[in-house]
file final_1.pdb (PDB, C-alpha atoms and all ligand atoms)
ATOM      1  CA  MET A   1       1.006  10.256   8.710  1.00  0.00           C
ATOM      2  CA  ASP A   2       0.923  10.263   4.914  1.00  0.00           C
ATOM      3  CA  TYR A   3      -1.894   7.855   4.210  1.00  0.00           C
ATOM      4  CA  GLU A   4      -5.604   8.062   3.533  1.00  0.00           C
ATOM      5  CA  LEU A   5      -8.444   5.556   3.350  1.00  0.00           C
ATOM      6  CA  ILE A   6     -10.528   6.225   0.235  1.00  0.00           C
ATOM      7  CA  ASP A   7     -14.061   4.855  -0.133  1.00  0.00           C
ATOM      8  CA  PHE A   8     -14.806   4.354  -3.806  1.00  0.00           C
ATOM      9  CA  LYS A   9     -18.298   4.609  -5.218  1.00  0.00           C
ATOM     10  CA  VAL A  10     -19.935   1.226  -5.790  1.00  0.00           C
ATOM     11  CA  MET A  11     -22.076   1.008  -8.895  1.00  0.00           C
ATOM     12  CA  GLY A  12     -24.349  -1.929  -8.415  1.00  0.00           C
ATOM     13  CA  ASP A  13     -27.640  -3.546  -9.119  1.00  0.00           C
ATOM     14  CA  GLU A  14     -29.154  -6.949  -8.401  1.00  0.00           C
ATOM     15  CA  THR A  15     -26.649  -8.608 -10.777  1.00  0.00           C
ATOM     16  CA  GLY A  16     -23.526  -7.418  -8.921  1.00  0.00           C
ATOM     17  CA  SER A  17     -21.264  -4.475  -8.082  1.00  0.00           C
ATOM     18  CA  LEU A  18     -18.557  -2.515  -9.891  1.00  0.00           C
ATOM     19  CA  VAL A  19     -15.891  -0.077  -8.675  1.00  0.00           C
ATOM     20  CA  ALA A  20     -13.912   2.107 -11.110  1.00  0.00           C
ATOM     21  CA  ILE A  21     -10.509   3.596 -10.227  1.00  0.00           C
ATOM     22  CA  GLU A  22      -9.153   6.200 -12.639  1.00  0.00           C
ATOM     23  CA  GLY A  23      -5.705   7.793 -12.455  1.00  0.00           C
ATOM     24  CA  LEU A  24      -5.748  11.529 -11.674  1.00  0.00           C
ATOM     25  CA  LYS A  25      -9.540  11.384 -11.392  1.00  0.00           C
ATOM     26  CA  ASN A  26     -10.471   9.581  -8.185  1.00  0.00           C
ATOM     27  CA  ILE A  27      -6.880   8.828  -7.147  1.00  0.00           C
ATOM     28  CA  PRO A  28      -4.168  11.532  -7.115  1.00  0.00           C
ATOM     29  CA  PHE A  29      -1.659   9.890  -9.479  1.00  0.00           C
ATOM     30  CA  GLU A  30      -1.384   8.276 -12.875  1.00  0.00           C
ATOM     31  CA  VAL A  31      -1.240   4.478 -12.692  1.00  0.00           C
ATOM     32  CA  LYS A  32       1.966   3.062 -14.229  1.00  0.00           C
ATOM     33  CA  ARG A  33       1.893  -0.433 -12.699  1.00  0.00           C
ATOM     34  CA  VAL A  34      -0.549  -2.928 -11.195  1.00  0.00           C
ATOM     35  CA  TYR A  35       0.485  -5.919  -9.116  1.00  0.00           C
ATOM     36  CA  TYR A  36      -1.240  -8.279  -6.773  1.00  0.00           C
ATOM     37  CA  ILE A  37      -0.325 -10.633  -3.979  1.00  0.00           C
ATOM     38  CA  PHE A  38      -2.172 -13.852  -3.205  1.00  0.00           C
ATOM     39  CA  GLY A  39      -1.585 -17.251  -1.589  1.00  0.00           C
ATOM     40  CA  THR A  40      -0.294 -15.580   1.567  1.00  0.00           C
ATOM     41  CA  THR A  41       0.005 -17.735   4.660  1.00  0.00           C
ATOM     42  CA  SER A  42      -1.868 -16.617   7.781  1.00  0.00           C
ATOM     43  CA  ASN A  43       1.338 -15.968   9.782  1.00  0.00           C
ATOM     44  CA  ALA A  44       3.229 -14.169   6.980  1.00  0.00           C
ATOM     45  CA  VAL A  45       4.504 -10.621   7.467  1.00  0.00           C
ATOM     46  CA  ARG A  46       5.292  -8.857   4.184  1.00  0.00           C
ATOM     47  CA  GLY A  47       6.476  -5.388   3.291  1.00  0.00           C
ATOM     48  CA  LYS A  48       9.018  -4.235   5.889  1.00  0.00           C
ATOM     49  CA  HIS A  49      10.117  -1.400   3.663  1.00  0.00           C
ATOM     50  CA  ALA A  50       9.337   2.186   2.654  1.00  0.00           C
ATOM     51  CA  HIS A  51       9.410   3.880  -0.732  1.00  0.00           C
ATOM     52  CA  ARG A  52      11.348   7.055  -1.428  1.00  0.00           C
ATOM     53  CA  ASN A  53       9.004   8.388  -4.133  1.00  0.00           C
ATOM     54  CA  LEU A  54       6.337   5.834  -5.030  1.00  0.00           C
ATOM     55  CA  GLN A  55       2.649   6.519  -4.436  1.00  0.00           C
ATOM     56  CA  GLN A  56       0.311   3.553  -4.128  1.00  0.00           C
ATOM     57  CA  LEU A  57      -3.334   2.687  -3.800  1.00  0.00           C
ATOM     58  CA  ILE A  58      -3.724  -0.649  -2.046  1.00  0.00           C
ATOM     59  CA  PHE A  59      -6.898  -2.626  -1.584  1.00  0.00           C
ATOM     60  CA  CYS A  60      -8.210  -6.104  -0.920  1.00  0.00           C
ATOM     61  CA  PRO A  61     -10.789  -6.863  -3.610  1.00  0.00           C
ATOM     62  CA  ILE A  62     -11.082 -10.294  -1.950  1.00  0.00           C
ATOM     63  CA  GLY A  63     -10.526 -11.123   1.733  1.00  0.00           C
ATOM     64  CA  SER A  64      -8.740  -8.946   4.261  1.00  0.00           C
ATOM     65  CA  CYS A  65      -5.394  -8.089   5.827  1.00  0.00           C
ATOM     66  CA  GLU A  66      -3.815  -5.476   8.082  1.00  0.00           C
ATOM     67  CA  PHE A  67      -1.331  -2.744   7.210  1.00  0.00           C
ATOM     68  CA  THR A  68       0.867  -1.221   9.896  1.00  0.00           C
ATOM     69  CA  LEU A  69       2.170   2.181   8.812  1.00  0.00           C
ATOM     70  CA  ASP A  70       5.060   4.024  10.407  1.00  0.00           C
ATOM     71  CA  ASN A  71       6.377   7.496   9.560  1.00  0.00           C
ATOM     72  CA  GLY A  72       9.312   7.287  11.944  1.00  0.00           C
ATOM     73  CA  VAL A  73       7.364   9.001  14.720  1.00  0.00           C
ATOM     74  CA  GLU A  74       4.104   7.084  15.057  1.00  0.00           C
ATOM     75  CA  ARG A  75       2.631   3.731  13.992  1.00  0.00           C
ATOM     76  CA  LYS A  76      -0.961   3.059  12.933  1.00  0.00           C
ATOM     77  CA  THR A  77      -2.659  -0.152  11.874  1.00  0.00           C
ATOM     78  CA  VAL A  78      -5.528  -0.269   9.409  1.00  0.00           C
ATOM     79  CA  ARG A  79      -7.506  -3.305   8.305  1.00  0.00           C
ATOM     80  CA  LEU A  80      -8.442  -3.558   4.634  1.00  0.00           C
ATOM     81  CA  GLN A  81     -11.584  -5.613   4.344  1.00  0.00           C
ATOM     82  CA  MET A  82     -13.930  -3.882   1.932  1.00  0.00           C
ATOM     83  CA  PRO A  83     -13.501  -4.285  -1.841  1.00  0.00           C
ATOM     84  CA  ASN A  84     -14.389  -0.632  -2.399  1.00  0.00           C
ATOM     85  CA  GLN A  85     -11.962   0.831   0.171  1.00  0.00           C
ATOM     86  CA  GLY A  86      -8.401   1.710  -0.850  1.00  0.00           C
ATOM     87  CA  LEU A  87      -5.395   2.682   1.228  1.00  0.00           C
ATOM     88  CA  TYR A  88      -3.520   5.547  -0.411  1.00  0.00           C
ATOM     89  CA  ILE A  89       0.114   5.733   0.735  1.00  0.00           C
ATOM     90  CA  LYS A  90       2.514   8.496  -0.216  1.00  0.00           C
ATOM     91  CA  SER A  91       6.286   8.203  -0.022  1.00  0.00           C
ATOM     92  CA  ASN A  92       8.405   7.672   3.099  1.00  0.00           C
ATOM     93  CA  VAL A  93       6.009   5.465   5.024  1.00  0.00           C
ATOM     94  CA  TRP A  94       7.347   2.190   6.417  1.00  0.00           C
ATOM     95  CA  ARG A  95       4.754  -0.553   5.917  1.00  0.00           C
ATOM     96  CA  GLU A  96       4.285  -4.100   7.117  1.00  0.00           C
ATOM     97  CA  PHE A  97       1.262  -6.165   6.218  1.00  0.00           C
ATOM     98  CA  SER A  98      -0.010  -9.336   7.843  1.00  0.00           C
ATOM     99  CA  ALA A  99      -3.082 -11.064   9.358  1.00  0.00           C
ATOM    100  CA  PHE A 100      -4.163 -12.330   5.953  1.00  0.00           C
ATOM    101  CA  SER A 101      -7.497 -14.069   5.580  1.00  0.00           C
ATOM    102  CA  PRO A 102      -7.090 -17.397   3.701  1.00  0.00           C
ATOM    103  CA  ASP A 103      -8.663 -15.975   0.539  1.00  0.00           C
ATOM    104  CA  CYS A 104      -6.841 -12.614   0.645  1.00  0.00           C
ATOM    105  CA  VAL A 105      -5.830 -10.872  -2.580  1.00  0.00           C
ATOM    106  CA  VAL A 106      -3.891  -7.610  -2.123  1.00  0.00           C
ATOM    107  CA  MET A 107      -4.024  -5.440  -5.221  1.00  0.00           C
ATOM    108  CA  VAL A 108      -1.734  -2.446  -5.678  1.00  0.00           C
ATOM    109  CA  LEU A 109      -1.905   0.414  -8.186  1.00  0.00           C
ATOM    110  CA  ALA A 110       1.436   2.205  -8.314  1.00  0.00           C
ATOM    111  CA  SER A 111       2.630   5.553  -9.687  1.00  0.00           C
ATOM    112  CA  ALA A 112       5.850   4.157 -11.230  1.00  0.00           C
ATOM    113  CA  ILE A 113       7.276   1.027 -12.759  1.00  0.00           C
ATOM    114  CA  TYR A 114       9.337  -1.287 -10.537  1.00  0.00           C
ATOM    115  CA  ASP A 115      12.570   0.276  -9.315  1.00  0.00           C
ATOM    116  CA  GLU A 116      14.468  -1.454  -6.511  1.00  0.00           C
ATOM    117  CA  SER A 117      16.435   1.749  -5.808  1.00  0.00           C
ATOM    118  CA  ASP A 118      13.187   3.392  -4.652  1.00  0.00           C
ATOM    119  CA  TYR A 119      12.950   0.890  -1.752  1.00  0.00           C
ATOM    120  CA  ILE A 120      14.335   1.464   1.733  1.00  0.00           C
ATOM    121  CA  ARG A 121      14.477  -2.061   3.166  1.00  0.00           C
ATOM    122  CA  ASP A 122      16.475  -1.319   6.302  1.00  0.00           C
ATOM    123  CA  TYR A 123      14.513   0.247   9.181  1.00  0.00           C
ATOM    124  CA  GLN A 124      17.488   2.171  10.618  1.00  0.00           C
ATOM    125  CA  GLU A 125      18.209   3.610   7.162  1.00  0.00           C
ATOM    126  CA  PHE A 126      14.512   4.597   6.891  1.00  0.00           C
ATOM    127  CA  LEU A 127      14.746   6.456  10.229  1.00  0.00           C
ATOM    128  CA  ARG A 128      17.901   8.244   9.054  1.00  0.00           C
ATOM    129  CA  GLU A 129      16.253   9.334   5.785  1.00  0.00           C
ATOM    130  CA  VAL A 130      12.986  10.577   7.329  1.00  0.00           C
ATOM    131  CA  THR A 131      14.839  12.388  10.104  1.00  0.00           C
ATOM    132  CA  SER A 132      17.175  14.137   7.665  1.00  0.00           C
ATOM    133  CA  SER A 133      14.278  15.143   5.347  1.00  0.00           C
ATOM    134  CA  THR A 134      12.387  16.815   8.235  1.00  0.00           C
ATOM    135  CA  SER A 135      15.363  18.561   9.864  1.00  0.00           C
TER
HETATM  136  C1  LIG A 201       4.613  -2.746  -1.424  1.00  0.00           C
HETATM  137  C2  LIG A 201       3.797  -3.883  -0.947  1.00  0.00           C
HETATM  138  C3  LIG A 201       2.392  -3.516  -0.604  1.00  0.00           C
HETATM  139  C4  LIG A 201       9.158  -7.202  -8.958  1.00  0.00           C
HETATM  140  O1  LIG A 201      10.013  -7.795  -9.642  1.00  0.00           O
HETATM  141  N1  LIG A 201       8.318  -6.301  -9.533  1.00  0.00           N
HETATM  142  C5  LIG A 201       7.370  -5.635  -8.833  1.00  0.00           C
HETATM  143  O2  LIG A 201       6.621  -4.807  -9.410  1.00  0.00           O
HETATM  144  C6  LIG A 201       7.247  -5.914  -7.423  1.00  0.00           C
HETATM  145  C7  LIG A 201       6.185  -5.196  -6.590  1.00  0.00           C
HETATM  146  C8  LIG A 201       8.085  -6.830  -6.850  1.00  0.00           C
HETATM  147  N2  LIG A 201       9.003  -7.462  -7.614  1.00  0.00           N
HETATM  148  C9  LIG A 201       9.889  -8.488  -6.990  1.00  0.00           C
HETATM  149  C10 LIG A 201      10.835  -7.969  -5.918  1.00  0.00           C
HETATM  150  C11 LIG A 201      10.985  -9.173  -5.012  1.00  0.00           C
HETATM  151  O3  LIG A 201      12.000 -10.022  -5.511  1.00  0.00           O
HETATM  152  O4  LIG A 201       9.033  -9.424  -6.319  1.00  0.00           O
HETATM  153  C12 LIG A 201       9.640  -9.905  -5.140  1.00  0.00           C
HETATM  154  C13 LIG A 201       8.736  -9.703  -3.920  1.00  0.00           C
HETATM  155  O5  LIG A 201       8.652  -8.299  -3.667  1.00  0.00           O
HETATM  156  P1  LIG A 201       8.567  -7.720  -2.174  1.00  0.00           P
HETATM  157  O6  LIG A 201       9.341  -8.578  -1.250  1.00  0.00           O
HETATM  158  O7  LIG A 201       8.909  -6.266  -2.238  1.00  0.00           O
HETATM  159  O8  LIG A 201       7.011  -7.921  -1.879  1.00  0.00           O
HETATM  160  P2  LIG A 201       6.126  -7.331  -0.701  1.00  0.00           P
HETATM  161  O9  LIG A 201       4.838  -8.060  -0.746  1.00  0.00           O
HETATM  162  O10 LIG A 201       6.868  -7.319   0.593  1.00  0.00           O
HETATM  163  O11 LIG A 201       5.904  -5.782  -1.104  1.00  0.00           O
HETATM  164  C14 LIG A 201       5.110  -5.448  -2.242  1.00  0.00           C
HETATM  165  C15 LIG A 201       5.773  -4.320  -3.026  1.00  0.00           C
HETATM  166  O12 LIG A 201       7.106  -4.679  -3.377  1.00  0.00           O
HETATM  167  C16 LIG A 201       5.794  -3.017  -2.283  1.00  0.00           C
HETATM  168  O13 LIG A 201       6.009  -1.964  -3.190  1.00  0.00           O
HETATM  169  O14 LIG A 201       4.413  -1.618  -1.008  1.00  0.00           O
HETATM  170  O15 LIG A 201       3.812  -5.008  -1.834  1.00  0.00           O
END

call {"tool": "encode", "arguments": {"input": "final_1.pdb", "output": "structure tokens", "more": "lines below"}}
Ligand code: T46
result
Amino acid sequence: MDYELIDFKVMGDETGSLVAIEGLKNIPFEVKRVYYIFGTTSNAVRGKHAHRNLQQLIFCPIGSCEFTLDNGVERKTVRLQMPNQGLYIKSNVWREFSAFSPDCVVMVLASAIYDESDYIRDYQEFLREVTSSTS
């Protein structure tokens, strides 16, 4: 499965904590876009797509949620709940995210600007593409 949980160094003292994320330094891509998701309802399920080329680093600087990741063969669920832990996802991974805490903010650093043609939003099409790329 093409994902990794990365624990970032926390620089802190009695006044608070700071985490620094630098493209090509402590994450393996250059950051071209940042977006964030908030105001999610507790029963919402978002995502339901894969990306053909995009790489992402996803974290919850506030609150928590769960990501279910699927490479066409297996599914794994990870909970993001620490502001210094990021989920690095490479291409061709179907993702759904849900179980949002009321205060949840999901922040995403992405390797490319927004391009709808990079999305696979149909699960059967996703299975066709991952199967043909591995055969
Ligand atoms: C992902 C997960 C974690 C834009 O216009 N620009 C953007 O940069 C993005 C990310 C989205 N949009 C538009 C496209 C849709 O009309 O915003 C709307 C909501 O996007 P979407 O339904 O794709 O949102 P999520 O929360 O299901 O998925 C998002 C990202 O799209 C996706 O890359 O991996 O967050």

call {"tool": "residues_near_ligand", "arguments": {"input": "final_1.pdb", "ligand": "ligand LIG 201 (chain A)", "cutoff": "10 Å", "atoms": "only C-alpha atoms and all ligand atoms", "output": "VMD selection string"}}
result
chain A and resid 33 to 38 40 44 to 51 54 to 59 67 89 93 to 98 106 to 110 112 to 116 118 to 119 121

call {"tool": "resolve_selection", "arguments": {"input": "final_1.pdb", "expression": "the PyMOL selection byres (((chain A and resi 10) around 12) and not hetatm)", "output": "ChimeraX atom specification"}}
result
/A:7-9,11-13,16-21,82-85

call {"tool": "residues_around", "arguments": {"input": "final_1.pdb", "residues": "Thr134 (chain A)", "least_positions_apart": "4", "cutoff": "12 Å", "atoms": "only C-alpha atoms", "output": "list in words"}}
result
Asn71, Gly72, Val73, Asn92, Leu127, Arg128, Glu129 and Val130 of chain A

call {"tool": "closest_residue", "arguments": {"input": "final_1.pdb", "among": "A:Arg52, A:Lys25, A:Lys32, A:Lys90", "to": "Leu69 (chain A)", "atoms": "all atoms listed in the file"}}
result
A:Lys90

call {"tool": "atom_distance", "arguments": {"input": "final_1.pdb", "atom1": "CA of Cys104 (chain A)", "atom2": "CA of Cys60 (chain A)"}}
result
6.8 Å

call {"tool": "closest_residue", "arguments": {"input": "final_1.pdb", "among": "A:Thr41, A:Glu30, A:Glu74, A:Thr15", "to": "Val105 (chain A)", "atoms": "only C-alpha atoms"}}
result
A:Thr41

call {"tool": "atom_distance", "arguments": {"input": "final_1.pdb", "atom1": "CA of Val78 (chain A)", "atom2": "CA of Gly63 (chain A)"}}
result
14.2 Å

call {"tool": "build_atoms", "arguments": {"input": "final_1.pdb", "residues": "region 80-91 of chain A", "atoms": "all heavy atoms", "output": "short mmCIF file (atom, residue, chain, number, x, y, z; two decimals), keeping the file's coordinate frame"}}
result
data_model
loop_
_atom_site.label_atom_id
_atom_site.label_comp_id
_atom_site.auth_asym_id
_atom_site.auth_seq_id
_atom_site.Cartn_x
_atom_site.Cartn_y
_atom_site.Cartn_z
N LEU A 80 -7.77 -3.68 5.94
CA LEU A 80 -8.44 -3.56 4.63
C LEU A 80 -9.37 -4.75 4.48
O LEU A 80 -8.91 -5.90 4.47
CB LEU A 80 -7.41 -3.54 3.50
CG LEU A 80 -6.47 -2.34 3.48
CD1 LEU A 80 -5.51 -2.44 2.31
CD2 LEU A 80 -7.26 -1.04 3.42
N GLN A 81 -10.64 -4.50 4.38
CA GLN A 81 -11.58 -5.61 4.34
C GLN A 81 -12.80 -5.33 3.48
O GLN A 81 -13.73 -6.13 3.45
CB GLN A 81 -12.03 -6.00 5.75
CG GLN A 81 -12.62 -4.86 6.54
CD GLN A 81 -12.79 -5.18 8.01
OE1 GLN A 81 -12.66 -6.34 8.43
NE2 GLN A 81 -13.09 -4.19 8.81
N MET A 82 -12.79 -4.18 2.80
CA MET A 82 -13.93 -3.88 1.93
C MET A 82 -13.42 -3.69 0.51
O MET A 82 -12.46 -2.94 0.28
CB MET A 82 -14.62 -2.61 2.41
CG MET A 82 -15.34 -2.83 3.73
SD MET A 82 -16.34 -1.45 4.17
CE MET A 82 -15.12 -0.24 4.60
N PRO A 83 -14.03 -4.36 -0.47
CA PRO A 83 -13.50 -4.28 -1.84
C PRO A 83 -13.57 -2.90 -2.46
O PRO A 83 -12.95 -2.65 -3.49
CB PRO A 83 -14.36 -5.30 -2.61
CG PRO A 83 -15.52 -5.59 -1.76
CD PRO A 83 -15.18 -5.26 -0.35
N ASN A 84 -14.31 -1.99 -1.84
CA ASN A 84 -14.39 -0.63 -2.40
C ASN A 84 -13.60 0.38 -1.57
O ASN A 84 -13.73 1.58 -1.79
CB ASN A 84 -15.85 -0.16 -2.50
CG ASN A 84 -16.46 0.09 -1.13
OD1 ASN A 84 -16.29 -0.73 -0.23
ND2 ASN A 84 -17.14 1.19 -0.97
N GLN A 85 -12.76 -0.12 -0.62
CA GLN A 85 -11.96 0.83 0.17
C GLN A 85 -10.48 0.66 -0.14
O GLN A 85 -9.94 -0.44 -0.06
CB GLN A 85 -12.20 0.61 1.66
CG GLN A 85 -11.51 1.68 2.51
CD GLN A 85 -11.86 1.59 3.97
OE1 GLN A 85 -11.50 0.63 4.64
NE2 GLN A 85 -12.57 2.59 4.47
N GLY A 86 -9.82 1.76 -0.51
CA GLY A 86 -8.40 1.71 -0.85
C GLY A 86 -7.57 2.48 0.16
O GLY A 86 -8.02 3.48 0.72
N LEU A 87 -6.36 2.00 0.35
CA LEU A 87 -5.40 2.68 1.23
C LEU A 87 -4.41 3.41 0.33
O LEU A 87 -3.67 2.78 -0.44
CB LEU A 87 -4.68 1.63 2.09
CG LEU A 87 -3.49 2.10 2.93
CD1 LEU A 87 -3.92 3.10 3.99
CD2 LEU A 87 -2.81 0.89 3.60
N TYR A 88 -4.44 4.74 0.40
CA TYR A 88 -3.52 5.55 -0.41
C TYR A 88 -2.30 5.87 0.45
O TYR A 88 -2.43 6.44 1.54
CB TYR A 88 -4.24 6.82 -0.87
CG TYR A 88 -3.32 7.85 -1.48
CD1 TYR A 88 -2.57 7.55 -2.61
CD2 TYR A 88 -3.21 9.12 -0.93
CE1 TYR A 88 -1.72 8.48 -3.17
CE2 TYR A 88 -2.36 10.07 -1.49
CZ TYR A 88 -1.62 9.74 -2.61
OH TYR A 88 -0.77 10.67 -3.16
N ILE A 89 -1.13 5.47 -0.02
CA ILE A 89 0.11 5.73 0.74
C ILE A 89 1.05 6.57 -0.12
O ILE A 89 1.35 6.21 -1.27
CB ILE A 89 0.87 4.44 1.12
CG1 ILE A 89 -0.05 3.40 1.75
CG2 ILE A 89 1.99 4.76 2.10
CD1 ILE A 89 0.69 2.15 2.22
N LYS A 90 1.50 7.68 0.46
CA LYS A 90 2.51 8.50 -0.22
C LYS A 90 3.90 7.96 0.15
O LYS A 90 4.02 6.94 0.84
CB LYS A 90 2.38 9.95 0.23
CG LYS A 90 1.09 10.59 -0.23
CD LYS A 90 1.10 12.06 0.12
CE LYS A 90 -0.30 12.60 0.18
NZ LYS A 90 -0.35 13.96 0.71
N SER A 91 4.92 8.66 -0.25
CA SER A 91 6.29 8.20 -0.02
C SER A 91 6.68 8.28 1.45
O SER A 91 6.01 8.93 2.26
CB SER A 91 7.23 9.06 -0.85
OG SER A 91 7.03 10.41 -0.52
#
